[in-house]
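Report on the structure given below.
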Amino acid sequence: MKERLVLGIGDNLLDAVLGYLVVFIGLTLLMTVIVIVGKVMVAQSKKSSAKTEAAKPAEAAAPAATAPKKLAPGSAGDVKIYDTDPRDAAMIMAIVADKLGKPLNELRFRSIKEVK
């Protein structure tokens with residue numbers, strides 16, 4: 001016959017505390033890595049935006065030669081609608097604007113296509 005190994009309450013508590021401790025340390029390390037990566041990404045974003053700001057004045061002078069298409073007041077361009085009813089497209093644009101919390105005239109929709 002095999003003998004059963006019976007652990008006492010102290011052994012079980014020690015196992016539970018050690019298990020919780022390992023999980024807590026792992027979560028803390030994961031949180032630290034995420035914070036560090038986030039700070040690195042923000043720093044890179046600031047560097048790249050500073051480079052783009054320096055390049056914008058040179059780019060702004062070049063497109064002045066071409067006349068932009070005259071748009072209706074408050075519009076953000078044309079929308080190409082593929083296989084979609086215009087009423088449904090308008091509803092989709094209104095829902096997106098509402099979910100984003102932005103006015104519809106600040107959003108630009110390039111195309112709306114029904115996925116089948």
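Naming scheme: A, B, ... for chains in displayed order of the structure tokens; residues 1 onward per chain; ligands 1 onward as shown.
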Checklist line | Close residues, Leu107 in chain A itself excluded, 8 Å, only C-alpha atoms, min 3 positions apart in chain, as a ChimeraX atom specification | finding: /A:76,97,102-104
Need to verify the contact set: range 89-93 of chain A, 12 Å, only C-alpha atoms, exclusion of same-chain residues closer than 6 positions in sequence. Can you return it as a JSON list (two decimals) with C-alpha atoms, in the first residue's frame?
[["chain", "number", "residue", "atom", "x", "y", "z"],
["A", 79, "VAL", "CA", -16.08, 60.58, -49.82],
["A", 80, "LYS", "CA", -16.03, 57.65, -52.24],
["A", 81, "ILE", "CA", -18.88, 55.26, -51.53],
["A", 82, "TYR", "CA", -18.62, 51.66, -52.81],
["A", 83, "ASP", "CA", -21.59, 49.23, -52.69],
["A", 99, "LYS", "CA", -18.08, 57.77, -30.75],
["A", 100, "LEU", "CA", -14.95, 59.91, -31.23],
["A", 102, "LYS", "CA", -15.60, 65.17, -32.58],
["A", 103, "PRO", "CA", -17.69, 67.30, -34.92],
["A", 104, "LEU", "CA", -18.32, 65.70, -38.29],
["A", 105, "ASN", "CA", -16.65, 68.56, -40.15],
["A", 106, "GLU", "CA", -13.33, 67.85, -38.38],
["A", 107, "LEU", "CA", -13.20, 64.25, -39.61],
["A", 108, "ARG", "CA", -12.11, 63.13, -43.06],
["A", 109, "PHE", "CA", -13.63, 60.04, -44.59],
["A", 110, "ARG", "CA", -11.86, 58.89, -47.75],
["A", 111, "SER", "CA", -14.09, 55.96, -48.68],
["A", 112, "ILE", "CA", -16.83, 53.77, -47.29],
["A", 113, "LYS", "CA", -17.17, 50.24, -48.59],
["A", 114, "GLU", "CA", -19.55, 47.48, -47.60]]
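The interatomic distance for the pair CA of Val115 in chain A and CA of Asp85 in chain A works out to 12.9 Å.
For the pair CA of Lys46 in chain A and CA of Gly101 in chain A, the separation is 25.5 Å.
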